[in-house]
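my_file37.cif (mmCIF, C-alpha atoms)
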data_data
loop_
_atom_site.group_PDB
_atom_site.id
_atom_site.type_symbol
_atom_site.label_atom_id
_atom_site.label_comp_id
_atom_site.auth_asym_id
_atom_site.auth_seq_id
_atom_site.Cartn_x
_atom_site.Cartn_y
_atom_site.Cartn_z
ATOM 1 C CA MET A 297 0.000 0.000 0.000
ATOM 2 C CA GLU A 298 1.311 3.436 -0.831
ATOM 3 C CA LYS A 299 2.738 5.235 2.210
ATOM 4 C CA SER A 300 0.311 8.166 2.223
ATOM 5 C CA VAL A 301 -2.683 5.821 1.884
ATOM 6 C CA LEU A 302 -1.433 3.655 4.765
ATOM 7 C CA SER A 303 -0.905 6.762 6.864
ATOM 8 C CA ALA A 304 -4.347 8.193 6.193
ATOM 9 C CA ALA A 305 -6.069 4.821 6.773
ATOM 10 C CA THR A 306 -4.258 4.190 10.052
ATOM 11 C CA PHE A 307 -5.014 7.580 11.595
ATOM 12 C CA LYS A 308 -8.574 7.546 10.207
ATOM 13 C CA ALA A 309 -9.123 4.221 12.019
ATOM 14 C CA LEU A 310 -7.797 5.689 15.280
ATOM 15 C CA GLU A 311 -10.252 8.594 15.046
ATOM 16 C CA THR A 312 -13.167 6.324 15.829
ATOM 17 C CA ALA A 313 -11.286 3.995 18.183
ATOM 18 C CA ALA A 314 -12.554 3.751 21.748
ATOM 19 C CA PRO A 315 -10.515 4.588 24.849
ATOM 20 C CA GLY A 316 -8.303 1.581 25.606
ATOM 21 C CA ASP A 317 -7.980 0.483 21.958
ATOM 22 C CA ARG A 318 -4.339 -0.160 21.034
ATOM 23 C CA LEU A 319 -2.161 -0.262 17.929
ATOM 24 C CA ALA A 320 1.309 -1.850 17.775
ATOM 25 C CA LEU A 321 4.284 0.526 17.806
ATOM 26 C CA ASP A 322 5.709 -0.636 14.458
ATOM 27 C CA ALA A 323 2.357 -0.085 12.771
ATOM 28 C CA LEU A 324 2.156 3.430 14.182
ATOM 29 C CA LEU A 325 5.734 4.309 13.291
ATOM 30 C CA ASP A 326 5.272 2.942 9.760
ATOM 31 C CA ALA A 327 2.149 5.029 9.303
ATOM 32 C CA MET A 328 3.492 8.309 10.713
ATOM 33 C CA PRO A 329 3.911 10.949 7.994
ATOM 34 C CA TRP A 330 7.550 11.800 8.790
ATOM 35 C CA ASN A 331 8.654 14.854 6.806
ATOM 36 C CA GLU A 332 11.117 14.759 3.888
ATOM 37 C CA ASP A 333 13.983 14.610 6.405
ATOM 38 C CA GLY A 334 12.349 11.746 8.321
ATOM 39 C CA LEU A 335 11.396 13.998 11.250
ATOM 40 C CA VAL A 336 8.356 15.106 13.235
ATOM 41 C CA PRO A 337 8.145 17.997 15.716
ATOM 42 C CA ALA A 338 8.088 17.097 19.411
ATOM 43 C CA ILE A 339 6.683 19.497 22.003
ATOM 44 C CA ALA A 340 8.136 19.156 25.517
ATOM 45 C CA GLN A 341 5.803 20.086 28.368
ATOM 46 C CA GLN A 342 6.667 19.961 32.076
ATOM 47 C CA TYR A 343 4.405 17.162 33.293
ATOM 48 C CA ASP A 344 3.236 18.673 36.588
ATOM 49 C CA ASP A 345 2.792 22.420 36.083
ATOM 50 C CA GLY A 346 1.987 22.231 32.354
ATOM 51 C CA GLU A 347 4.600 24.771 31.195
ATOM 52 C CA VAL A 348 5.529 24.299 27.533
ATOM 53 C CA LEU A 349 9.328 24.212 27.575
ATOM 54 C CA MET A 350 10.537 23.801 23.987
ATOM 55 C CA MET A 351 9.911 22.270 20.595
ATOM 56 C CA ALA A 352 12.486 20.126 18.803
ATOM 57 C CA TRP A 353 12.511 17.282 16.271
ATOM 58 C CA MET A 354 12.667 13.487 16.404
ATOM 59 C CA ASN A 355 13.240 10.757 13.867
ATOM 60 C CA ARG A 356 12.127 7.154 14.224
ATOM 61 C CA ASP A 357 15.290 6.051 16.026
ATOM 62 C CA THR A 358 15.361 8.879 18.553
ATOM 63 C CA LEU A 359 11.658 8.374 19.311
ATOM 64 C CA LEU A 360 12.276 4.661 19.882
ATOM 65 C CA GLU A 361 15.265 5.415 22.114
ATOM 66 C CA THR A 362 13.191 7.939 24.085
ATOM 67 C CA LEU A 363 10.349 5.457 24.647
ATOM 68 C CA ARG A 364 12.818 2.735 25.660
ATOM 69 C CA GLU A 365 15.217 4.741 27.856
ATOM 70 C CA ARG A 366 12.605 7.213 29.209
ATOM 71 C CA ARG A 367 15.180 9.966 28.724
ATOM 72 C CA VAL A 368 14.380 12.371 25.911
ATOM 73 C CA CYS A 369 16.570 12.157 22.801
ATOM 74 C CA TYR A 370 15.871 14.538 19.904
ATOM 75 C CA TRP A 371 17.425 14.703 16.445
ATOM 76 C CA SER A 372 19.631 17.763 16.102
ATOM 77 C CA ARG A 373 19.021 19.227 12.656
ATOM 78 C CA SER A 374 22.031 21.547 12.894
ATOM 79 C CA ARG A 375 24.449 18.843 14.042
ATOM 80 C CA ALA A 376 22.686 16.029 12.101
ATOM 81 C CA LYS A 377 22.959 13.583 14.977
ATOM 82 C CA PRO A 378 20.995 12.361 18.001
ATOM 83 C CA TRP A 379 20.729 14.984 20.720
ATOM 84 C CA ARG A 380 20.354 13.456 24.153
ATOM 85 C CA LYS A 381 18.878 16.443 25.934
ATOM 86 C CA GLY A 382 21.228 17.446 28.719
ATOM 87 C CA GLU A 383 24.292 15.582 27.400
ATOM 88 C CA SER A 384 26.271 18.857 27.311
ATOM 89 C CA SER A 385 24.372 20.941 29.851
ATOM 90 C CA GLY A 386 23.345 18.288 32.378
ATOM 91 C CA GLN A 387 19.769 19.574 32.077
ATOM 92 C CA VAL A 388 18.125 16.268 31.178
ATOM 93 C CA GLN A 389 14.479 15.566 30.404
ATOM 94 C CA GLN A 390 12.997 12.412 31.886
ATOM 95 C CA LEU A 391 10.037 11.185 29.875
ATOM 96 C CA VAL A 392 6.814 10.864 31.858
ATOM 97 C CA GLU A 393 4.317 10.311 29.023
ATOM 98 C CA ALA A 394 4.392 10.578 25.224
ATOM 99 C CA TYR A 395 1.450 11.316 22.939
ATOM 100 C CA LEU A 396 0.915 11.355 19.180
ATOM 101 C CA ASP A 397 -1.609 13.696 17.575
ATOM 102 C CA CYS A 398 -4.627 12.849 15.433
ATOM 103 C CA ASP A 399 -2.809 12.826 12.111
ATOM 104 C CA GLY A 400 0.369 11.312 13.496
ATOM 105 C CA ASP A 401 2.706 14.155 12.591
ATOM 106 C CA THR A 402 3.363 15.778 15.989
ATOM 107 C CA LEU A 403 4.523 14.407 19.345
ATOM 108 C CA LEU A 404 3.714 15.785 22.784
ATOM 109 C CA LEU A 405 6.204 14.749 25.469
ATOM 110 C CA LYS A 406 5.300 15.226 29.105
ATOM 111 C CA VAL A 407 8.670 15.452 30.791
ATOM 112 C CA ASP A 408 10.360 16.170 34.062
ATOM 113 C CA GLN A 409 12.927 18.825 33.221
ATOM 114 C CA THR A 410 16.052 19.232 35.338
ATOM 115 C CA GLY A 411 16.868 22.947 35.523
ATOM 116 C CA PRO A 412 16.376 25.181 32.484
ATOM 117 C CA ALA A 413 15.223 23.633 29.202
ATOM 118 C CA CYS A 414 16.501 26.549 27.119
ATOM 119 C CA HIS A 415 20.093 26.940 25.957
ATOM 120 C CA THR A 416 19.912 30.569 27.154
ATOM 121 C CA GLY A 417 19.562 29.333 30.741
ATOM 122 C CA ARG A 418 15.851 30.175 30.892
ATOM 123 C CA HIS A 419 13.325 27.618 32.092
ATOM 124 C CA SER A 420 11.356 27.709 28.837
ATOM 125 C CA CYS A 421 12.398 28.656 25.295
ATOM 126 C CA PHE A 422 9.199 30.716 24.914
ATOM 127 C CA TYR A 423 10.393 33.887 26.630
ATOM 128 C CA THR A 424 9.482 36.497 23.990
ATOM 129 C CA ARG A 425 5.846 37.556 24.236
ATOM 130 C CA LEU A 426 4.299 38.942 21.047
ATOM 131 C CA ASP A 427 1.634 41.595 20.705
ATOM 132 C CA GLY A 428 0.452 43.798 17.865
ATOM 133 C CA ASP A 429 3.482 46.088 18.210
ATOM 134 C CA GLY A 430 6.361 43.722 18.812
ATOM 135 C CA GLY A 431 8.006 41.266 21.127
ATOM 136 C CA GLU A 432 8.942 41.665 24.770
ATOM 137 C CA VAL A 433 11.368 39.503 26.712
ATOM 138 C CA ILE A 434 9.564 38.286 29.824
ATOM 139 C CA SER A 435 12.085 36.210 31.745
ATOM 140 C CA ALA A 436 15.733 36.168 32.722
ATOM 141 C CA PRO A 437 18.109 33.198 32.720
ATOM 142 C CA LEU A 438 18.031 31.001 35.824
ATOM 143 C CA ILE A 439 21.637 30.020 35.155
ATOM 144 C CA ASP A 440 24.372 31.720 33.143
ATOM 145 C CA PRO A 441 24.613 29.677 29.919
ATOM 146 C CA ALA A 442 28.413 29.890 30.205
ATOM 147 C CA THR A 443 28.015 27.675 33.275
ATOM 148 C CA LEU A 444 25.847 25.205 31.360
ATOM 149 C CA TYR A 445 28.104 24.851 28.348
ATOM 150 C CA GLY A 446 31.493 25.957 29.625
ATOM 151 C CA PRO A 447 34.430 23.630 30.380
ATOM 152 C CA ARG A 448 33.567 20.993 32.995
ATOM 153 C CA MET B 149 22.493 41.495 5.347
ATOM 154 C CA GLU B 150 21.895 37.893 4.384
ATOM 155 C CA LYS B 151 18.675 36.513 5.862
ATOM 156 C CA SER B 152 20.250 33.762 7.965
ATOM 157 C CA VAL B 153 22.803 36.206 9.420
ATOM 158 C CA LEU B 154 20.059 38.699 10.292
ATOM 159 C CA SER B 155 18.058 35.912 11.898
ATOM 160 C CA ALA B 156 20.936 34.612 13.994
ATOM 161 C CA ALA B 157 21.998 38.115 15.068
ATOM 162 C CA THR B 158 18.481 39.125 16.089
ATOM 163 C CA PHE B 159 17.785 36.062 18.209
ATOM 164 C CA LYS B 160 21.306 36.090 19.647
ATOM 165 C CA ALA B 161 20.671 39.675 20.823
ATOM 166 C CA LEU B 162 17.395 38.639 22.472
ATOM 167 C CA GLU B 163 19.169 35.866 24.413
ATOM 168 C CA THR B 164 20.886 38.405 26.634
ATOM 169 C CA ALA B 165 18.046 40.936 26.680
ATOM 170 C CA ALA B 166 16.542 41.790 30.057
ATOM 171 C CA PRO B 167 12.904 41.309 30.999
ATOM 172 C CA GLY B 168 10.957 44.249 29.587
ATOM 173 C CA ASP B 169 13.264 44.765 26.593
ATOM 174 C CA ARG B 170 11.302 45.072 23.349
ATOM 175 C CA LEU B 171 11.836 44.577 19.617
ATOM 176 C CA ALA B 172 9.508 45.923 16.906
ATOM 177 C CA LEU B 173 7.194 43.407 15.261
ATOM 178 C CA ASP B 174 8.495 43.972 11.722
ATOM 179 C CA ALA B 175 12.076 43.363 12.880
ATOM 180 C CA LEU B 176 11.049 40.109 14.562
ATOM 181 C CA LEU B 177 8.994 38.903 11.593
ATOM 182 C CA ASP B 178 11.819 39.783 9.189
ATOM 183 C CA ALA B 179 14.294 37.812 11.301
ATOM 184 C CA MET B 180 12.158 34.710 11.879
ATOM 185 C CA PRO B 181 13.555 31.669 10.032
ATOM 186 C CA TRP B 182 10.300 30.744 8.240
ATOM 187 C CA ASN B 183 10.660 27.378 6.529
ATOM 188 C CA GLU B 184 10.873 26.903 2.752
ATOM 189 C CA ASP B 185 7.070 27.237 2.565
ATOM 190 C CA GLY B 186 7.140 30.437 4.628
ATOM 191 C CA LEU B 187 5.690 28.711 7.704
ATOM 192 C CA VAL B 188 6.475 28.095 11.367
ATOM 193 C CA PRO B 189 4.767 25.605 13.704
ATOM 194 C CA ALA B 190 2.335 27.046 16.258
ATOM 195 C CA ILE B 191 1.457 25.142 19.431
ATOM 196 C CA ALA B 192 -1.982 25.916 20.894
ATOM 197 C CA GLN B 193 -2.293 25.559 24.668
ATOM 198 C CA GLN B 194 -5.444 26.192 26.716
ATOM 199 C CA TYR B 195 -4.471 29.271 28.723
ATOM 200 C CA ASP B 196 -5.969 28.327 32.098
ATOM 201 C CA ASP B 197 -5.509 24.574 32.582
ATOM 202 C CA GLY B 198 -2.376 24.265 30.430
ATOM 203 C CA GLU B 199 -3.631 21.423 28.198
ATOM 204 C CA VAL B 200 -1.770 21.304 24.885
ATOM 205 C CA LEU B 201 -4.549 21.163 22.301
ATOM 206 C CA MET B 202 -2.959 20.978 18.864
ATOM 207 C CA MET B 203 -0.096 22.020 16.628
ATOM 208 C CA ALA B 204 -0.623 23.713 13.279
ATOM 209 C CA TRP B 205 1.247 26.152 11.013
ATOM 210 C CA MET B 206 1.264 29.901 10.441
ATOM 211 C CA ASN B 207 2.742 32.181 7.838
ATOM 212 C CA ARG B 208 3.521 35.865 8.322
ATOM 213 C CA ASP B 209 0.060 37.028 7.271
ATOM 214 C CA THR B 210 -1.881 34.596 9.460
ATOM 215 C CA LEU B 211 0.314 35.438 12.451
ATOM 216 C CA LEU B 212 -0.292 39.161 11.889
ATOM 217 C CA GLU B 213 -4.035 38.554 11.544
ATOM 218 C CA THR B 214 -4.026 36.489 14.748
ATOM 219 C CA LEU B 215 -2.178 39.186 16.719
ATOM 220 C CA ARG B 216 -4.520 41.877 15.347
ATOM 221 C CA GLU B 217 -7.882 40.092 15.581
ATOM 222 C CA ARG B 218 -7.067 38.014 18.720
ATOM 223 C CA ARG B 219 -8.775 35.065 17.020
ATOM 224 C CA VAL B 220 -6.389 32.310 15.904
ATOM 225 C CA CYS B 221 -5.855 31.934 12.159
ATOM 226 C CA TYR B 222 -3.502 29.193 10.911
ATOM 227 C CA TRP B 223 -2.282 28.438 7.396
ATOM 228 C CA SER B 224 -3.847 25.228 6.099
ATOM 229 C CA ARG B 225 -1.141 23.297 4.280
ATOM 230 C CA SER B 226 -3.643 20.863 2.736
ATOM 231 C CA ARG B 227 -6.023 23.570 1.509
ATOM 232 C CA ALA B 228 -3.253 26.137 0.909
ATOM 233 C CA LYS B 229 -5.255 28.983 2.408
ATOM 234 C CA PRO B 230 -5.815 30.757 5.729
ATOM 235 C CA TRP B 231 -7.642 28.581 8.245
ATOM 236 C CA ARG B 232 -9.618 30.621 10.735
ATOM 237 C CA LYS B 233 -9.929 28.027 13.459
ATOM 238 C CA GLY B 234 -13.620 27.312 13.987
ATOM 239 C CA GLU B 235 -14.833 28.782 10.699
ATOM 240 C CA SER B 236 -16.419 25.403 9.765
ATOM 241 C CA SER B 237 -16.898 23.844 13.190
ATOM 242 C CA GLY B 238 -17.726 26.894 15.297
ATOM 243 C CA GLN B 239 -14.972 25.784 17.718
ATOM 244 C CA VAL B 240 -12.964 29.015 17.697
ATOM 245 C CA GLN B 241 -9.724 29.817 19.520
ATOM 246 C CA GLN B 242 -9.474 33.229 21.121
ATOM 247 C CA LEU B 243 -5.876 34.332 21.540
ATOM 248 C CA VAL B 244 -4.864 35.127 25.108
ATOM 249 C CA GLU B 245 -1.071 35.400 24.701
ATOM 250 C CA ALA B 246 1.455 34.567 21.971
ATOM 251 C CA TYR B 247 5.115 33.673 22.454
ATOM 252 C CA LEU B 248 8.063 33.105 20.150
ATOM 253 C CA ASP B 249 10.850 30.695 21.060
ATOM 254 C CA CYS B 250 14.552 31.395 21.472
ATOM 255 C CA ASP B 251 15.495 30.808 17.839
ATOM 256 C CA GLY B 252 12.322 32.335 16.440
ATOM 257 C CA ASP B 253 11.083 29.251 14.620
ATOM 258 C CA THR B 254 8.189 28.121 16.838
ATOM 259 C CA LEU B 255 5.145 29.904 18.252
ATOM 260 C CA LEU B 256 3.293 29.107 21.468
ATOM 261 C CA LEU B 257 -0.284 30.375 21.543
ATOM 262 C CA LYS B 258 -2.144 30.501 24.819
ATOM 263 C CA VAL B 259 -5.761 30.334 23.746
ATOM 264 C CA ASP B 260 -9.272 30.005 25.048
ATOM 265 C CA GLN B 261 -10.705 27.111 23.065
ATOM 266 C CA THR B 262 -14.454 26.842 22.524
ATOM 267 C CA GLY B 263 -15.405 23.147 22.651
ATOM 268 C CA PRO B 264 -13.104 20.529 21.150
ATOM 269 C CA ALA B 265 -9.932 21.630 19.344
ATOM 270 C CA CYS B 266 -9.610 18.356 17.422
ATOM 271 C CA HIS B 267 -11.461 17.577 14.189
ATOM 272 C CA THR B 268 -12.355 14.183 15.726
ATOM 273 C CA GLY B 269 -14.486 15.969 18.342
ATOM 274 C CA ARG B 270 -11.927 15.371 21.098
ATOM 275 C CA HIS B 271 -10.756 18.231 23.312
ATOM 276 C CA SER B 272 -7.107 17.769 22.338
ATOM 277 C CA CYS B 273 -5.500 16.255 19.235
ATOM 278 C CA PHE B 274 -3.030 14.352 21.462
ATOM 279 C CA TYR B 275 -5.260 11.408 22.344
ATOM 280 C CA THR B 276 -2.948 8.495 21.452
ATOM 281 C CA ARG B 277 -0.532 7.692 24.282
ATOM 282 C CA LEU B 278 2.692 5.950 23.263
ATOM 283 C CA ASP B 279 4.712 3.426 25.234
ATOM 284 C CA GLY B 280 7.387 0.908 24.344
ATOM 285 C CA ASP B 281 4.794 -1.478 22.858
ATOM 286 C CA GLY B 282 2.443 0.791 20.957
ATOM 287 C CA GLY B 283 -0.210 3.439 21.124
ATOM 288 C CA GLU B 284 -3.405 3.532 23.156
ATOM 289 C CA VAL B 285 -6.369 5.815 22.566
ATOM 290 C CA ILE B 286 -7.114 7.576 25.846
ATOM 291 C CA SER B 287 -10.129 9.774 25.181
ATOM 292 C CA ALA B 288 -13.442 9.729 23.381
ATOM 293 C CA PRO B 289 -14.998 12.531 21.321
ATOM 294 C CA LEU B 290 -16.941 15.153 23.273
ATOM 295 C CA ILE B 291 -19.050 15.818 20.196
ATOM 296 C CA ASP B 292 -19.766 13.652 17.143
ATOM 297 C CA PRO B 293 -17.640 15.185 14.371
ATOM 298 C CA ALA B 294 -20.623 14.777 12.023
ATOM 299 C CA THR B 295 -22.305 17.438 14.161
ATOM 300 C CA LEU B 296 -19.267 19.728 13.910
ATOM 301 C CA TYR B 297 -18.842 19.507 10.167
ATOM 302 C CA GLY B 298 -22.274 18.393 8.922
ATOM 303 C CA PRO B 299 -24.802 20.604 7.045
ATOM 304 C CA ARG B 300 -25.849 23.646 9.081
#
Whole structure given in structure tokens:
Amino acid sequence: MEKSVLSAATFKALETAAPGDRLALDALLDAMPWNEDGLVPAIAQQYDDGEVLMMAWMNRDTLLETLRERRVCYWSRSRAKPWRKGESSGQVQQLVEAYLDCDGDTLLLKVDQTGPACHTGRHSCFYTRLDGDGGEVISAPLIDPATLYGPR
Amino acid sequence: MEKSVLSAATFKALETAAPGDRLALDALLDAMPWNEDGLVPAIAQQYDDGEVLMMAWMNRDTLLETLRERRVCYWSRSRAKPWRKGESSGQVQQLVEAYLDCDGDTLLLKVDQTGPACHTGRHSCFYTRLDGDGGEVISAPLIDPATLYGPR
């Protein structure tokens, strides 16, 4: 079956599935409409207070590793390699729960974030608030990023 | 200045900005690294209980409209036109706050969602929970989607 047909049929079937209905992981991963680089966006949300921390990307292998190890591993598009969150900074994300959206092209990760999620040292990457006139920075770093990424 | 240099310089400057520092909207929009289709992902989160509802895409015009009208308008990639959330279903999203992330390529929209955000009639699009074995549907529609999208 052509990939896009498989994808549409799989997620169409899930739309009318009842709570508790399950689908095997391989079937889901095969059906997911990964983009032309084999990636989907993954939103990281602090599991207890609900703060949205960051958005990054995952491929099939890093998603599988994340589900297996329960420690979040993204795909770094700039470095073109797996990015085990916290491997440089120590600010790891433990996976609490993972969700896939209705058309299978976005992940939501409920995580327990150690320290700041953002490379700037802020808790969340979403620190510029937009309005009709412009953007305003609303938070300061918790930690100097030089401390996070400096020599250790 | 080349676009990618402008983008990097703008967001680098914001990294060390203090709370309350502002940048004009045109400067931010000019610096944002829109993808090859002129889009960025936009995460919609219910403003009061923190539930992540959906992820969709915006271009410059739909972001400007959203900031101006305070009613969320995405760009529909499948229909290749502006998608005023709720225009078919009545399930609108009022914008409460909008945020841009540290590298300017993802939006976080805090919204007040009327009824279900998902086209399946569920409150959130993230209704398939993943574990090491597969996916499990965890919620049922609040409203029959035939009611949302049927003849009116």
Near A:Val336, within 7 Å and counting all atoms listed in the file, which residues show up once chain neighbours fewer than 2 positions away are dropped, as a list in words?
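Near neighbours after the sequence-gap exclusion: Trp330, Asn331, Ala338, Trp353, Met354, Asn355, Asp401 and Thr402 of chain A.
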I'd like the residues picked by the PyMOL selection byres ((chain A) within 7 of (chain B)) written out as a ChimeraX atom specification, using the chain letters and numbers from the file.
/A:311,313-321,346,363-364,394-398,416,421-436
By how many Å are atom CA of B:Lys233 and atom CA of B:Asp260 apart?
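So the answer is 11.8 Å.
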So which one's closest to B:Lys258, B:Ile291, B:Cys221, B:Ala192, B:Leu296? Using only C-alpha atoms, please.
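Using only C-alpha atoms, the shortest distance to B:Lys258 belongs to B:Ala192.
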Could I get chain B fitted onto chain A (least squares, all C-alpha atoms, in order) as a CSV table (one decimal) with C-alpha atoms, keeping the file's coordinate frame?
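Resulting contents of result.csv:
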chain,number,residue,atom,x,y,z
B,149,MET,CA,0.0,0.0,0.0
B,150,GLU,CA,1.3,3.5,-0.8
B,151,LYS,CA,2.7,5.2,2.2
B,152,SER,CA,0.3,8.2,2.2
B,153,VAL,CA,-2.7,5.8,1.9
B,154,LEU,CA,-1.4,3.7,4.8
B,155,SER,CA,-0.9,6.8,6.9
B,156,ALA,CA,-4.4,8.2,6.2
B,157,ALA,CA,-6.1,4.8,6.8
B,158,THR,CA,-4.3,4.2,10.1
B,159,PHE,CA,-5.0,7.6,11.6
B,160,LYS,CA,-8.6,7.6,10.2
B,161,ALA,CA,-9.1,4.2,12.0
B,162,LEU,CA,-7.8,5.7,15.3
B,163,GLU,CA,-10.3,8.6,15.1
B,164,THR,CA,-13.2,6.3,15.8
B,165,ALA,CA,-11.3,4.0,18.2
B,166,ALA,CA,-12.6,3.8,21.8
B,167,PRO,CA,-10.5,4.6,24.8
B,168,GLY,CA,-8.3,1.6,25.6
B,169,ASP,CA,-8.0,0.5,22.0
B,170,ARG,CA,-4.3,-0.2,21.0
B,171,LEU,CA,-2.2,-0.3,17.9
B,172,ALA,CA,1.3,-1.9,17.8
B,173,LEU,CA,4.3,0.5,17.8
B,174,ASP,CA,5.7,-0.6,14.5
B,175,ALA,CA,2.3,-0.1,12.8
B,176,LEU,CA,2.1,3.4,14.2
B,177,LEU,CA,5.7,4.3,13.3
B,178,ASP,CA,5.3,2.9,9.8
B,179,ALA,CA,2.1,5.0,9.3
B,180,MET,CA,3.5,8.3,10.7
B,181,PRO,CA,3.9,10.9,8.0
B,182,TRP,CA,7.5,11.8,8.8
B,183,ASN,CA,8.7,14.8,6.8
B,184,GLU,CA,11.1,14.7,3.9
B,185,ASP,CA,14.0,14.6,6.4
B,186,GLY,CA,12.3,11.7,8.3
B,187,LEU,CA,11.4,14.0,11.2
B,188,VAL,CA,8.4,15.1,13.2
B,189,PRO,CA,8.1,18.0,15.7
B,190,ALA,CA,8.1,17.1,19.4
B,191,ILE,CA,6.7,19.5,22.0
B,192,ALA,CA,8.1,19.2,25.5
B,193,GLN,CA,5.8,20.1,28.4
B,194,GLN,CA,6.7,20.0,32.1
B,195,TYR,CA,4.4,17.2,33.3
B,196,ASP,CA,3.2,18.7,36.6
B,197,ASP,CA,2.8,22.4,36.1
B,198,GLY,CA,2.0,22.2,32.3
B,199,GLU,CA,4.6,24.8,31.2
B,200,VAL,CA,5.5,24.3,27.5
B,201,LEU,CA,9.3,24.2,27.6
B,202,MET,CA,10.5,23.8,24.0
B,203,MET,CA,9.9,22.3,20.6
B,204,ALA,CA,12.5,20.1,18.8
B,205,TRP,CA,12.5,17.3,16.3
B,206,MET,CA,12.7,13.5,16.4
B,207,ASN,CA,13.2,10.8,13.9
B,208,ARG,CA,12.1,7.1,14.2
B,209,ASP,CA,15.3,6.0,16.0
B,210,THR,CA,15.4,8.9,18.5
B,211,LEU,CA,11.7,8.4,19.3
B,212,LEU,CA,12.3,4.6,19.9
B,213,GLU,CA,15.3,5.4,22.1
B,214,THR,CA,13.2,7.9,24.1
B,215,LEU,CA,10.3,5.4,24.6
B,216,ARG,CA,12.8,2.7,25.6
B,217,GLU,CA,15.2,4.7,27.8
B,218,ARG,CA,12.6,7.2,29.2
B,219,ARG,CA,15.2,9.9,28.7
B,220,VAL,CA,14.4,12.4,25.9
B,221,CYS,CA,16.6,12.1,22.8
B,222,TYR,CA,15.9,14.5,19.9
B,223,TRP,CA,17.4,14.7,16.4
B,224,SER,CA,19.6,17.7,16.1
B,225,ARG,CA,19.0,19.2,12.7
B,226,SER,CA,22.0,21.5,12.9
B,227,ARG,CA,24.5,18.8,14.1
B,228,ALA,CA,22.7,16.0,12.1
B,229,LYS,CA,23.0,13.6,15.0
B,230,PRO,CA,21.0,12.4,18.0
B,231,TRP,CA,20.7,15.0,20.7
B,232,ARG,CA,20.4,13.5,24.2
B,233,LYS,CA,18.9,16.4,25.9
B,234,GLY,CA,21.2,17.4,28.7
B,235,GLU,CA,24.3,15.6,27.4
B,236,SER,CA,26.3,18.9,27.3
B,237,SER,CA,24.4,20.9,29.9
B,238,GLY,CA,23.4,18.3,32.4
B,239,GLN,CA,19.8,19.6,32.1
B,240,VAL,CA,18.1,16.3,31.2
B,241,GLN,CA,14.5,15.6,30.4
B,242,GLN,CA,13.0,12.4,31.9
B,243,LEU,CA,10.0,11.2,29.9
B,244,VAL,CA,6.8,10.9,31.9
B,245,GLU,CA,4.3,10.3,29.0
B,246,ALA,CA,4.4,10.6,25.2
B,247,TYR,CA,1.4,11.3,22.9
B,248,LEU,CA,0.9,11.4,19.2
B,249,ASP,CA,-1.6,13.7,17.6
B,250,CYS,CA,-4.6,12.9,15.4
B,251,ASP,CA,-2.8,12.8,12.1
B,252,GLY,CA,0.4,11.3,13.5
B,253,ASP,CA,2.7,14.2,12.6
B,254,THR,CA,3.4,15.8,16.0
B,255,LEU,CA,4.5,14.4,19.3
B,256,LEU,CA,3.7,15.8,22.8
B,257,LEU,CA,6.2,14.7,25.5
B,258,LYS,CA,5.3,15.2,29.1
B,259,VAL,CA,8.7,15.4,30.8
B,260,ASP,CA,10.4,16.2,34.1
B,261,GLN,CA,12.9,18.8,33.2
B,262,THR,CA,16.0,19.2,35.3
B,263,GLY,CA,16.9,22.9,35.5
B,264,PRO,CA,16.4,25.2,32.5
B,265,ALA,CA,15.2,23.6,29.2
B,266,CYS,CA,16.5,26.6,27.1
B,267,HIS,CA,20.1,27.0,25.9
B,268,THR,CA,19.9,30.6,27.2
B,269,GLY,CA,19.6,29.3,30.7
B,270,ARG,CA,15.9,30.2,30.9
B,271,HIS,CA,13.3,27.6,32.1
B,272,SER,CA,11.4,27.7,28.8
B,273,CYS,CA,12.4,28.7,25.3
B,274,PHE,CA,9.2,30.7,24.9
B,275,TYR,CA,10.4,33.9,26.6
B,276,THR,CA,9.5,36.5,24.0
B,277,ARG,CA,5.8,37.6,24.2
B,278,LEU,CA,4.3,38.9,21.0
B,279,ASP,CA,1.6,41.6,20.7
B,280,GLY,CA,0.4,43.8,17.9
B,281,ASP,CA,3.5,46.1,18.2
B,282,GLY,CA,6.4,43.7,18.8
B,283,GLY,CA,8.0,41.3,21.1
B,284,GLU,CA,8.9,41.7,24.8
B,285,VAL,CA,11.4,39.5,26.7
B,286,ILE,CA,9.6,38.3,29.8
B,287,SER,CA,12.1,36.2,31.7
B,288,ALA,CA,15.7,36.2,32.7
B,289,PRO,CA,18.1,33.2,32.7
B,290,LEU,CA,18.0,31.0,35.8
B,291,ILE,CA,21.6,30.0,35.2
B,292,ASP,CA,24.4,31.8,33.1
B,293,PRO,CA,24.6,29.7,29.9
B,294,ALA,CA,28.4,29.9,30.2
B,295,THR,CA,28.0,27.7,33.3
B,296,LEU,CA,25.9,25.2,31.4
B,297,TYR,CA,28.1,24.9,28.4
B,298,GLY,CA,31.5,26.0,29.7
B,299,PRO,CA,34.5,23.7,30.4
B,300,ARG,CA,33.7,21.1,33.0
